[in-house]
>>> print(open('work35.txt').read())   # compact mmCIF, C-alpha atoms
# COMPACT_ATOMS: atom_id res chain seq x y z
CA MET A 1 -31.33 -46.72 -11.01
CA ASN A 2 -29.24 -48.82 -8.68
CA GLU A 3 -30.72 -51.63 -6.68
CA THR A 4 -30.22 -51.10 -2.98
CA LYS A 5 -30.63 -53.40 -0.01
CA ASN A 6 -34.06 -51.88 0.48
CA CYS A 7 -34.98 -52.73 -3.14
CA GLN A 8 -34.04 -56.35 -2.55
CA GLN A 9 -36.16 -56.50 0.59
CA THR A 10 -39.09 -54.79 -1.11
CA GLY A 11 -38.81 -57.12 -4.11
CA GLU A 12 -39.15 -60.07 -1.79
CA ARG A 13 -42.17 -58.50 -0.11
CA LEU A 14 -43.93 -57.27 -3.25
CA GLU A 15 -45.95 -60.42 -3.83
CA LYS A 16 -47.08 -60.55 -0.23
CA PHE A 17 -47.87 -56.86 -0.40
CA LEU A 18 -50.10 -57.37 -3.43
CA ASP A 19 -51.64 -60.46 -1.86
CA GLY A 20 -52.48 -58.54 1.31
CA GLU A 21 -50.38 -60.85 3.46
CA LEU A 22 -48.11 -58.28 5.14
CA THR A 23 -48.45 -56.78 8.58
CA PRO A 24 -49.44 -53.08 8.63
CA GLN A 25 -45.87 -52.11 9.54
CA GLN A 26 -44.39 -54.11 6.67
CA GLU A 27 -46.96 -52.63 4.31
CA GLN A 28 -45.95 -49.16 5.32
CA LEU A 29 -42.29 -49.90 4.61
CA VAL A 30 -43.12 -51.20 1.14
CA LYS A 31 -45.27 -48.15 0.36
CA GLU A 32 -42.45 -45.84 1.35
CA GLU A 33 -39.96 -47.73 -0.77
CA LEU A 34 -42.31 -47.66 -3.77
CA ALA A 35 -42.73 -43.92 -3.39
CA ASN A 36 -38.98 -43.35 -3.36
CA CYS A 37 -37.56 -46.00 -5.72
CA GLY A 38 -38.15 -46.25 -9.47
CA THR A 39 -36.71 -49.77 -9.73
CA CYS A 40 -39.17 -51.05 -7.14
CA ARG A 41 -42.03 -49.28 -8.88
CA VAL A 42 -41.22 -51.02 -12.18
CA LYS A 43 -41.19 -54.39 -10.45
CA TYR A 44 -44.43 -53.58 -8.71
CA GLU A 45 -46.09 -52.56 -11.96
CA GLN A 46 -44.98 -55.74 -13.70
CA VAL A 47 -46.34 -57.98 -10.98
CA SER A 48 -49.59 -56.09 -10.64
CA ARG A 49 -50.06 -55.95 -14.42
CA LEU A 50 -49.63 -59.71 -14.65
CA ARG A 51 -52.30 -60.19 -11.99
CA ALA A 52 -54.64 -57.80 -13.73
CA LEU A 53 -54.19 -59.50 -17.11
CA VAL A 54 -54.79 -62.98 -15.75
CA ARG A 55 -57.87 -61.80 -13.94
CA GLU A 56 -59.14 -59.90 -16.93
CA VAL A 57 -58.93 -62.89 -19.26
CA TYR A 58 -60.30 -65.57 -16.96
CA VAL A 59 -62.75 -63.64 -14.83
CA GLU A 60 -64.37 -62.06 -17.86
CA GLU A 61 -64.68 -65.36 -19.67
CA VAL A 62 -66.23 -67.03 -16.66
CA ARG A 63 -68.56 -64.08 -16.11
CA ARG A 64 -69.83 -64.54 -19.65
CA ALA A 65 -70.07 -68.34 -19.48
CA ASP A 66 -73.58 -69.68 -19.74
CA LEU A 67 -74.12 -71.85 -16.68
CA GLU A 68 -77.89 -72.10 -16.88
CA ASP A 69 -77.85 -75.79 -17.68
CA LEU A 70 -75.30 -76.69 -15.01
CA LEU A 71 -77.77 -77.21 -12.16
CA PRO A 72 -80.36 -79.05 -14.29
CA GLY A 73 -77.54 -81.30 -15.52
CA VAL A 74 -76.49 -82.09 -11.96
CA LEU A 75 -80.05 -82.82 -10.88
CA ARG A 76 -80.61 -84.99 -13.94
CA SER A 77 -77.49 -87.01 -13.16
CA ILE A 78 -78.60 -87.46 -9.58
CA LYS A 79 -82.02 -88.65 -10.71
CA ASN A 80 -80.65 -91.06 -13.31
CA ARG A 81 -77.96 -92.45 -11.10
CA PRO A 82 -78.74 -95.99 -9.95
CA PRO A 83 -79.23 -96.07 -6.19
CA SER A 84 -76.33 -97.35 -4.14
CA LEU A 85 -76.40 -100.82 -2.63
CA LYS A 86 -76.90 -99.22 0.78
CA ALA A 87 -79.88 -97.24 -0.50
CA ARG A 88 -81.38 -100.29 -2.16
CA PHE A 89 -80.98 -102.31 1.03
CA ALA A 90 -82.58 -99.54 3.07
CA ASP A 91 -85.43 -99.42 0.55
CA TRP A 92 -85.89 -103.17 0.74
CA LEU A 93 -85.92 -103.05 4.54
CA GLU A 94 -88.48 -100.30 4.46
CA ARG A 95 -90.71 -102.20 2.09
CA TYR A 96 -90.32 -105.34 4.17
CA ARG A 97 -91.20 -103.39 7.29
CA ILE A 98 -94.32 -102.03 5.59
CA GLY A 99 -95.08 -105.51 4.29
CA LEU A 100 -95.00 -106.93 7.79
CA ALA A 101 -97.66 -104.48 8.81
CA SER A 102 -100.10 -105.76 6.14
CA PRO A 103 -102.85 -108.26 7.06
CA VAL A 104 -101.45 -110.96 4.73
CA ALA A 105 -97.94 -110.70 6.09
CA PRO A 106 -98.19 -113.81 8.30
CA ILE A 107 -98.84 -115.95 5.21
CA GLY A 108 -95.69 -114.67 3.56
CA VAL A 109 -93.64 -115.16 6.69
CA ALA A 110 -95.00 -118.67 7.16
CA ALA A 111 -94.16 -119.53 3.54
CA THR A 112 -90.63 -118.20 3.95
CA VAL A 113 -90.09 -120.18 7.12
CA ALA A 114 -91.45 -123.33 5.51
CA VAL A 115 -89.14 -123.02 2.53
CA ALA A 116 -86.20 -122.45 4.84
CA ILE A 117 -87.04 -125.55 6.91
CA ILE A 118 -87.44 -127.75 3.83
CA ALA A 119 -84.17 -126.52 2.39
CA ALA A 120 -82.33 -127.12 5.65
CA THR A 121 -83.81 -130.63 5.98
CA LEU A 122 -82.79 -131.55 2.45
CA ILE A 123 -79.29 -130.28 2.95
CA TYR A 124 -78.98 -132.22 6.16
CA ALA A 125 -80.39 -135.38 4.62
CA THR A 126 -78.12 -135.35 1.62
CA ASN A 127 -75.04 -134.77 3.68
CA SER A 128 -75.59 -137.41 6.31
CA SER A 129 -74.83 -140.50 4.28
CA PRO A 130 -72.76 -143.14 5.98
CA ASP A 131 -70.72 -143.80 2.84
CA GLY A 132 -69.42 -140.29 2.83
CA SER A 133 -69.79 -139.77 -0.89
CA THR A 134 -70.39 -136.30 -2.27
CA ARG A 135 -74.03 -135.35 -2.71
CA SER A 136 -76.36 -132.52 -3.47
CA ILE A 137 -80.07 -132.17 -3.23
CA ALA A 138 -81.12 -131.95 -6.83
CA PRO A 139 -79.83 -134.82 -8.88
CA THR A 140 -79.11 -134.19 -12.51
CA VAL A 141 -77.91 -137.17 -14.48
CA ALA A 142 -79.08 -140.43 -13.06
CA GLU A 143 -77.72 -143.80 -13.90
CA SER A 144 -79.43 -146.91 -12.78
CA SER A 145 -77.47 -149.84 -11.56
CA SER A 146 -80.00 -151.92 -13.43
CA PRO A 147 -78.95 -153.34 -16.77
CA SER A 148 -81.04 -150.94 -18.73
CA GLY A 149 -78.67 -148.05 -17.94
CA PRO A 150 -79.43 -144.36 -17.83
CA ALA A 151 -82.44 -142.80 -19.42
CA ASP A 152 -83.06 -139.25 -20.56
CA ALA A 153 -85.57 -136.91 -19.05
CA VAL A 154 -85.85 -133.18 -18.61
CA VAL A 155 -87.39 -131.36 -15.69
CA ASN A 156 -89.34 -128.38 -14.69
CA PRO A 157 -88.80 -126.69 -11.31
CA GLY A 158 -91.76 -128.40 -9.68
CA VAL A 159 -90.40 -131.79 -10.57
CA VAL A 160 -86.97 -130.86 -9.27
CA SER A 161 -88.58 -129.98 -5.98
CA ASP A 162 -90.50 -133.28 -5.82
CA LEU A 163 -87.44 -135.26 -6.72
CA ALA A 164 -85.35 -133.47 -4.15
CA LYS A 165 -87.88 -134.47 -1.51
CA ALA A 166 -87.84 -138.06 -2.75
CA VAL A 167 -84.06 -138.14 -2.72
CA ALA A 168 -84.02 -136.77 0.79
CA LYS A 169 -86.37 -139.53 1.96
CA THR A 170 -84.48 -142.32 0.28
CA PRO A 171 -82.01 -144.06 2.55
CA ARG A 172 -78.44 -144.23 1.36
CA ARG A 173 -77.03 -147.61 0.90
CA PRO A 174 -73.36 -148.19 1.48
CA ARG A 175 -71.83 -148.83 -1.89
CA HIS A 176 -70.74 -152.41 -1.37
CA GLU A 177 -73.38 -153.56 0.99
CA GLU A 178 -74.82 -156.85 -0.16
CA ARG A 179 -78.16 -157.89 1.12
CA PRO A 180 -81.57 -158.64 -0.28
CA PHE A 181 -83.93 -155.72 -0.92
CA ARG A 182 -86.72 -155.27 1.43
CA LYS A 183 -90.20 -154.72 0.11
CA ASN A 184 -90.39 -151.53 -2.00
CA GLU A 185 -86.92 -150.53 -0.85
CA THR A 186 -84.99 -148.10 -2.93
CA TYR A 187 -81.44 -146.94 -2.41
CA ILE A 188 -79.29 -144.27 -3.76
CA THR A 189 -76.01 -146.07 -3.87
CA TYR A 190 -73.93 -143.34 -5.39
CA TYR A 191 -74.32 -139.68 -5.91
CA ASN A 192 -71.85 -137.37 -7.53
CA ALA A 193 -72.82 -133.75 -7.58
CA LYS A 194 -69.95 -132.76 -9.84
CA SER A 195 -70.79 -135.14 -12.63
CA GLY A 196 -74.48 -135.03 -11.80
CA THR A 197 -74.68 -138.81 -11.50
CA VAL A 198 -77.15 -140.67 -9.31
CA VAL A 199 -77.01 -144.44 -9.03
CA VAL A 200 -80.16 -146.01 -7.70
CA ASP A 201 -80.78 -149.53 -6.54
CA ALA A 202 -84.38 -150.57 -6.11
CA ASP A 203 -86.36 -153.59 -5.12
CA PRO A 204 -87.10 -155.37 -8.40
CA ASP A 205 -90.19 -156.92 -6.89
CA GLY A 206 -91.53 -153.73 -5.44
CA GLU A 207 -95.00 -152.51 -6.14
CA ASP A 208 -93.81 -149.06 -7.07
CA PRO A 209 -91.59 -148.84 -10.09
CA THR A 210 -88.21 -147.21 -9.69
CA VAL A 211 -88.06 -143.94 -11.52
CA VAL A 212 -84.78 -142.74 -12.87
CA TRP A 213 -84.43 -139.14 -13.79
CA HIS A 214 -82.15 -137.50 -16.20
CA PHE A 215 -81.98 -133.73 -16.17
CA ASP A 216 -81.14 -132.08 -19.40
CA ASP A 217 -79.33 -128.74 -19.12
CA GLU A 218 -81.38 -127.39 -21.98
CA GLY A 219 -84.65 -127.78 -20.07
CA GLY A 220 -87.78 -129.25 -21.58
CA THR A 221 -90.18 -132.00 -20.70
CA VAL A 222 -90.16 -134.57 -18.00
CA GLN A 223 -89.66 -138.16 -18.83
CA GLU A 224 -90.22 -140.97 -16.49
CA GLU A 225 -89.04 -144.40 -17.22
CA ASN A 226 -89.87 -147.57 -15.46
CA LYS A 227 -86.53 -149.19 -15.11
CA ILE A 228 -87.63 -152.37 -13.53
CA MET B 1 -68.97 -61.36 4.42
CA VAL B 2 -67.17 -64.67 4.38
CA LYS B 3 -68.40 -65.33 7.92
CA VAL B 4 -71.99 -64.74 6.91
CA LEU B 5 -71.65 -67.05 3.92
CA GLU B 6 -70.06 -69.68 6.10
CA ALA B 7 -72.92 -69.49 8.56
CA ASP B 8 -75.42 -69.81 5.74
CA ASP B 9 -73.51 -72.74 4.33
CA LYS B 10 -73.74 -74.54 7.64
CA VAL B 11 -77.47 -74.02 7.75
CA LEU B 12 -77.84 -75.32 4.22
CA VAL B 13 -75.69 -78.36 4.92
CA GLU B 14 -77.76 -79.15 8.00
CA ARG B 15 -80.97 -78.74 6.05
CA PHE B 16 -79.69 -81.15 3.42
CA LYS B 17 -78.74 -83.67 6.07
CA LEU B 18 -82.29 -83.49 7.38
CA GLY B 19 -83.56 -84.40 3.93
CA ASP B 20 -84.21 -80.98 2.41
CA GLU B 21 -83.01 -81.37 -1.19
CA THR B 22 -83.66 -77.70 -1.98
CA ALA B 23 -80.71 -76.86 0.28
CA PHE B 24 -78.47 -78.65 -2.18
CA THR B 25 -79.91 -76.62 -5.05
CA GLU B 26 -79.17 -73.44 -3.12
CA LEU B 27 -75.58 -74.53 -2.54
CA VAL B 28 -75.11 -75.26 -6.24
CA LEU B 29 -76.55 -71.90 -7.27
CA ARG B 30 -74.37 -70.15 -4.72
CA TYR B 31 -71.11 -71.77 -5.72
CA GLN B 32 -71.47 -72.87 -9.32
CA ARG B 33 -69.66 -69.88 -10.82
CA LYS B 34 -66.84 -70.01 -8.29
CA VAL B 35 -66.32 -73.71 -8.88
CA TYR B 36 -66.50 -73.12 -12.61
CA MET B 37 -63.91 -70.35 -12.25
CA ILE B 38 -61.43 -72.66 -10.52
CA ILE B 39 -61.92 -75.42 -13.04
CA TYR B 40 -61.85 -73.17 -16.07
CA GLY B 41 -58.72 -71.52 -14.67
CA MET B 42 -57.16 -74.94 -14.38
CA ILE B 43 -58.14 -76.43 -17.74
CA SER B 44 -59.08 -73.49 -20.04
CA ASP B 45 -61.89 -75.35 -21.77
CA HIS B 46 -65.50 -74.25 -21.34
CA GLN B 47 -67.15 -77.55 -22.20
CA GLU B 48 -64.88 -79.58 -19.97
CA ALA B 49 -65.11 -76.98 -17.22
CA LYS B 50 -68.88 -77.38 -17.24
CA GLU B 51 -68.72 -81.15 -17.15
CA LYS B 52 -66.17 -81.13 -14.36
CA SER B 53 -68.24 -78.62 -12.39
CA GLN B 54 -71.20 -80.96 -12.61
CA GLU B 55 -68.97 -83.79 -11.45
CA VAL B 56 -67.92 -81.68 -8.46
CA PHE B 57 -71.52 -81.10 -7.39
CA LEU B 58 -72.41 -84.73 -7.94
CA ARG B 59 -69.63 -85.68 -5.55
CA VAL B 60 -70.87 -83.06 -3.13
CA TYR B 61 -74.38 -84.52 -3.30
CA ARG B 62 -73.05 -88.01 -2.73
CA HIS B 63 -70.86 -87.12 0.23
CA LEU B 64 -72.56 -84.14 1.83
CA GLY B 65 -74.41 -86.44 4.20
CA SER B 66 -71.11 -87.52 5.73
CA PHE B 67 -69.52 -84.05 5.66
CA GLU B 68 -68.48 -83.49 9.26
CA GLY B 69 -67.81 -79.79 9.05
CA THR B 70 -64.27 -79.90 10.42
CA SER B 71 -63.41 -77.43 7.65
CA SER B 72 -65.74 -74.87 6.15
CA PHE B 73 -68.03 -76.03 3.37
CA TYR B 74 -66.37 -73.95 0.69
CA THR B 75 -62.88 -75.27 1.62
CA TRP B 76 -64.25 -78.78 1.26
CA LEU B 77 -65.98 -77.88 -2.00
CA TYR B 78 -62.90 -76.24 -3.53
CA ARG B 79 -60.80 -79.21 -2.47
CA ILE B 80 -63.11 -81.48 -4.44
CA ALA B 81 -62.82 -79.15 -7.44
CA VAL B 82 -59.02 -79.06 -7.24
CA ASN B 83 -58.83 -82.84 -6.91
CA ILE B 84 -61.05 -83.33 -9.94
CA CYS B 85 -58.74 -81.04 -11.91
CA ILE B 86 -55.71 -83.01 -10.77
CA ASP B 87 -57.43 -86.23 -11.92
CA HIS B 88 -58.12 -84.53 -15.22
CA TYR B 89 -54.43 -83.66 -15.60
CA ARG B 90 -53.39 -87.21 -14.79
CA ARG B 91 -55.70 -88.62 -17.44
CA ARG B 92 -54.63 -85.99 -19.96
CA LYS B 93 -51.00 -86.79 -19.28
CA VAL B 94 -51.68 -90.40 -20.21
CA ARG B 95 -53.50 -89.29 -23.35
CA LEU B 96 -50.69 -86.97 -24.35
CA TYR B 97 -48.23 -89.75 -23.80
CA GLU B 98 -50.28 -92.10 -25.90
CA TYR B 99 -50.57 -89.61 -28.75
CA ASP B 100 -47.19 -88.05 -28.39
CA ASP B 101 -46.87 -87.41 -32.13
CA THR B 102 -49.73 -84.98 -32.09
CA TYR B 103 -48.57 -83.16 -28.99
CA GLY B 104 -47.36 -79.75 -29.88
CA HIS B 105 -49.69 -79.52 -32.87
CA LYS B 106 -52.63 -78.54 -30.77
CA PRO B 107 -54.63 -75.79 -32.45
CA ALA B 108 -53.47 -72.46 -31.20
CA LEU B 109 -55.50 -70.82 -28.50
CA GLN B 110 -55.70 -67.76 -30.71
CA GLU B 111 -58.66 -69.41 -32.39
CA GLU B 112 -60.73 -68.54 -29.37
CA ILE B 113 -62.11 -65.09 -29.33
CA PHE B 114 -61.15 -62.85 -26.49
CA PRO B 115 -64.27 -61.70 -24.71
CA VAL B 116 -65.57 -58.24 -25.16
CA VAL B 117 -64.42 -56.51 -22.04
CA SER B 118 -66.03 -53.41 -20.71
CA SER B 119 -63.67 -51.11 -22.60
CA ALA B 120 -63.84 -53.09 -25.84
CA SER B 121 -66.59 -51.00 -27.36
CA ARG B 122 -64.17 -48.09 -27.45
CA GLU B 123 -61.37 -50.16 -28.98
CA THR B 124 -60.21 -49.90 -32.56
CA PRO B 125 -60.07 -53.18 -34.54
CA THR B 126 -56.26 -53.12 -34.21
CA GLY B 127 -56.53 -52.64 -30.46
CA ARG B 128 -58.94 -55.52 -30.23
CA LEU B 129 -56.64 -57.78 -32.23
CA LEU B 130 -53.77 -56.93 -29.91
CA ARG B 131 -55.96 -57.67 -26.93
CA GLU B 132 -57.05 -60.99 -28.41
CA GLU B 133 -53.43 -61.90 -29.03
CA LEU B 134 -52.51 -60.99 -25.48
CA ALA B 135 -55.37 -63.04 -24.07
CA ALA B 136 -54.21 -66.01 -26.11
CA LYS B 137 -50.67 -65.56 -24.84
CA ILE B 138 -51.89 -65.45 -21.25
CA ARG B 139 -53.87 -68.64 -21.63
CA GLU B 140 -50.92 -70.26 -23.36
CA ALA B 141 -48.63 -69.26 -20.50
CA MET B 142 -51.16 -70.63 -17.98
CA ASP B 143 -51.44 -73.89 -19.92
CA LYS B 144 -47.68 -74.32 -19.71
CA LEU B 145 -47.63 -74.10 -15.93
CA SER B 146 -47.48 -77.33 -13.99
CA PRO B 147 -50.79 -78.27 -12.33
CA LYS B 148 -49.32 -77.58 -8.89
CA HIS B 149 -48.21 -74.08 -9.82
CA ARG B 150 -51.39 -73.39 -11.70
CA GLN B 151 -53.75 -74.40 -8.92
CA VAL B 152 -52.23 -72.02 -6.38
CA LEU B 153 -52.17 -69.21 -8.93
CA VAL B 154 -55.83 -69.79 -9.82
CA LEU B 155 -56.92 -69.91 -6.19
CA ARG B 156 -54.99 -66.75 -5.41
CA GLU B 157 -55.56 -64.61 -8.50
CA LEU B 158 -59.01 -65.72 -9.57
CA GLU B 159 -60.59 -66.68 -6.27
CA GLY B 160 -58.67 -64.18 -4.17
CA MET B 161 -58.00 -66.73 -1.46
CA SER B 162 -55.51 -66.08 1.32
CA TYR B 163 -52.37 -68.18 1.70
CA GLN B 164 -53.97 -69.99 4.62
CA GLU B 165 -57.13 -70.79 2.67
CA ILE B 166 -55.08 -72.08 -0.25
CA ALA B 167 -53.02 -74.20 2.12
CA ASP B 168 -56.24 -75.69 3.53
CA VAL B 169 -57.73 -76.44 0.13
CA VAL B 170 -54.62 -77.93 -1.44
CA ASP B 171 -53.50 -79.49 1.84
CA ILE B 172 -49.98 -78.07 1.83
CA SER B 173 -48.11 -75.71 4.16
CA ILE B 174 -48.26 -71.94 3.83
CA GLY B 175 -44.56 -71.97 2.97
CA THR B 176 -45.23 -74.27 0.05
CA VAL B 177 -48.10 -72.05 -1.08
CA MET B 178 -45.80 -69.02 -1.12
CA SER B 179 -43.04 -70.89 -2.88
CA ARG B 180 -45.36 -72.27 -5.57
CA LEU B 181 -47.00 -68.90 -6.09
CA HIS B 182 -43.64 -67.24 -6.46
CA HIS B 183 -42.42 -69.76 -9.04
CA ALA B 184 -45.70 -69.66 -10.94
CA ARG B 185 -45.54 -65.88 -11.18
CA LYS B 186 -41.90 -65.93 -12.22
CA LYS B 187 -42.70 -68.31 -15.06
CA MET B 188 -45.69 -66.27 -16.15
CA GLN B 189 -43.62 -63.09 -16.06
CA ALA B 190 -40.87 -64.68 -18.13
CA ARG B 191 -43.32 -65.89 -20.77
CA LEU B 192 -45.24 -62.64 -20.91
CA ALA B 193 -42.32 -60.27 -20.48
CA PRO B 194 -42.96 -58.33 -23.72
CA TYR B 195 -46.51 -57.55 -22.58
CA LEU B 196 -45.70 -56.51 -19.05
CA ASN B 197 -43.41 -53.59 -19.74
>>> encode(input="work35.txt", output="structure tokens")
Amino acid sequence: MNETKNCQQTGERLEKFLDGELTPQQEQLVKEELANCGTCRVKYEQVSRLRALVREVYVEEVRRADLEDLLPGVLRSIKNRPPSLKARFADWLERYRIGLASPVAPIGVAATVAVAIIAATLIYATNSSPDGSTRSIAPTVAESSSPSGPADAVVNPGVVSDLAKAVAKTPRRPRHEERPFRKNETYITYYNAKSGTVVVDADPDGEDPTVVWHFDDEGGTVQEENKI
Amino acid sequence: MVKVLEADDKVLVERFKLGDETAFTELVLRYQRKVYMIIYGMISDHQEAKEKSQEVFLRVYRHLGSFEGTSSFYTWLYRIAVNICIDHYRRRKVRLYEYDDTYGHKPALQEEIFPVVSSASRETPTGRLLREELAAKIREAMDKLSPKHRQVLVLRELEGMSYQEIADVVDISIGTVMSRLHHARKKMQARLAPYLN
């Protein structure tokens, strides 16, 4: 069987013919060639047999595959999946919205506003020192300028809050300012947030003792020490 | 038929977007075997095909809300399946590279048993053995195809998709689809020549 020009053309069109991608006219030409040419028929049979075999193996295996647990698995994964940040935010907003509708909501809102105001005041107070030294609200290690030196103490959150308020109220004294203490006057002369050091100067004749705090990282009890 | 399915798909997608989770269940039940077919055709492993199919539907669940419908749902779905298979190949390539010594000593596919096809009950034991051997050879030949050739062959032969549909799913031109299909078939024919005559 000799391959003709028609055979070559049909060979090129065979795949499209089997895939159903030819125009009706082209299809007709291929059919005629297949009816008349043995070489083309062999090619056609090879290609179509390959398709049939591939389909037979894979389609049959998939038809027999047990997929009953596929959907439950998907639904389980969806249920166990942690919600996205967006979903959690939406949930929080929703709960907050519902919360605002409750009769006790004003108390919560008032508390939130109060905390925000206190925090803002403290931040402002600790950053407005004329000596320009670095400060933060909650002092950690405190060193007294008095001869007795630093003392150890450990805090609980309530004490931190009280101390922060006290620190905020205490005027800052320029580091090298020399003048007599006024009655009950106390100064923070140096504050270093990085090292956690607070240096306090206080009126030695004051009625209220100066309290120096040392905050232990480990936590624990509060210790007050009368430095003067 | 495809038009009807497409219309139904749209309705289901809309229902899901409105918060009806049962619409998602319906979509999974409708497409699970088709998705499984594509993935199994691409990786020839039942366990992995099941896991990957679940991954496909998880992605669908996650992103269906933002599915705009510029393509049909099933094109979008099959694209996800094909991409997951490509990811699988990339990871496997790394693994094969890492354990290069063991590559080539993979247990032969002949260990798997060829399914009992409709005519198998009439087969003699020898006939069945021949059929099992042939099935193993076919899977072996498929496994040797590159992922690009294999995906177009799977979409065409197993899913019966048109060139245009394949082009949409794989995001290539029709010309490339035809070229890849042609090369894939040539390779398969060369490897299975003794069984095709």
>>> interface_residues(input="work35.txt", of="chain B", to="chain A", cutoff="9 Å", atoms="only C-alpha atoms", output="PyMOL selection string")
chain B and resi 25+28-29+32-34+36-37+40-41+44+46+50-51+53-55+57-58+61-62+114-117+134-136+138-139+142+156-158+160-163+178+181-182+185+188-189+192-193+195-197
>>> atom_distance(input="work35.txt", atom1="CA of Ile39 (chain B)", atom2="CA of Val154 (chain B)")
8.9 Å
>>> residues_around(input="work35.txt", residues="region 147-149 of chain B", least_positions_apart="2", cutoff="9 Å", atoms="only C-alpha atoms", output="list in words")
Met42, Cys85, Ile86, Tyr89, Asp143, Lys144, Leu145, Gln151, Val152, Leu153, Val154, Val177, Arg180, Leu181, His182, His183, Ala184 and Arg185 of chain B
>>> atom_distance(input="work35.txt", atom1="CA of Ser72 (chain B)", atom2="CA of Gln47 (chain B)")
28.5 Å
>>> atom_distance(input="work35.txt", atom1="CA of Arg13 (chain A)", atom2="CA of Val30 (chain A)")
7.5 Å
>>> axis_aligned_box(input="work35.txt", around="region 14-17 of chain B", padding_each_side="4 Å", output="AutoDock Vina command-line options")
--center_x -79.4 --center_y -81.2 --center_z 5.7 --size_x 11.2 --size_y 12.9 --size_z 12.6
>>> decode(input="work35.txt", residues="region 68-81 of chain B", atoms="C-alpha atoms", output="compact mmCIF listing (two decimals), in the first residue's frame")
# COMPACT_ATOMS: atom_id res chain seq x y z
CA GLU B 68 -17.33 36.28 39.08
CA GLY B 69 -18.65 33.90 36.47
CA THR B 70 -16.62 35.25 33.56
CA SER B 71 -16.01 31.61 32.63
CA SER B 72 -18.36 28.73 33.29
CA PHE B 73 -18.20 27.11 36.71
CA TYR B 74 -16.85 23.81 35.42
CA THR B 75 -14.04 25.55 33.47
CA TRP B 76 -13.07 27.32 36.67
CA LEU B 77 -13.35 24.09 38.65
CA TYR B 78 -11.25 22.06 36.21
CA ARG B 79 -8.66 24.82 36.14
CA ILE B 80 -8.30 24.51 39.89
CA ALA B 81 -7.94 20.73 39.54
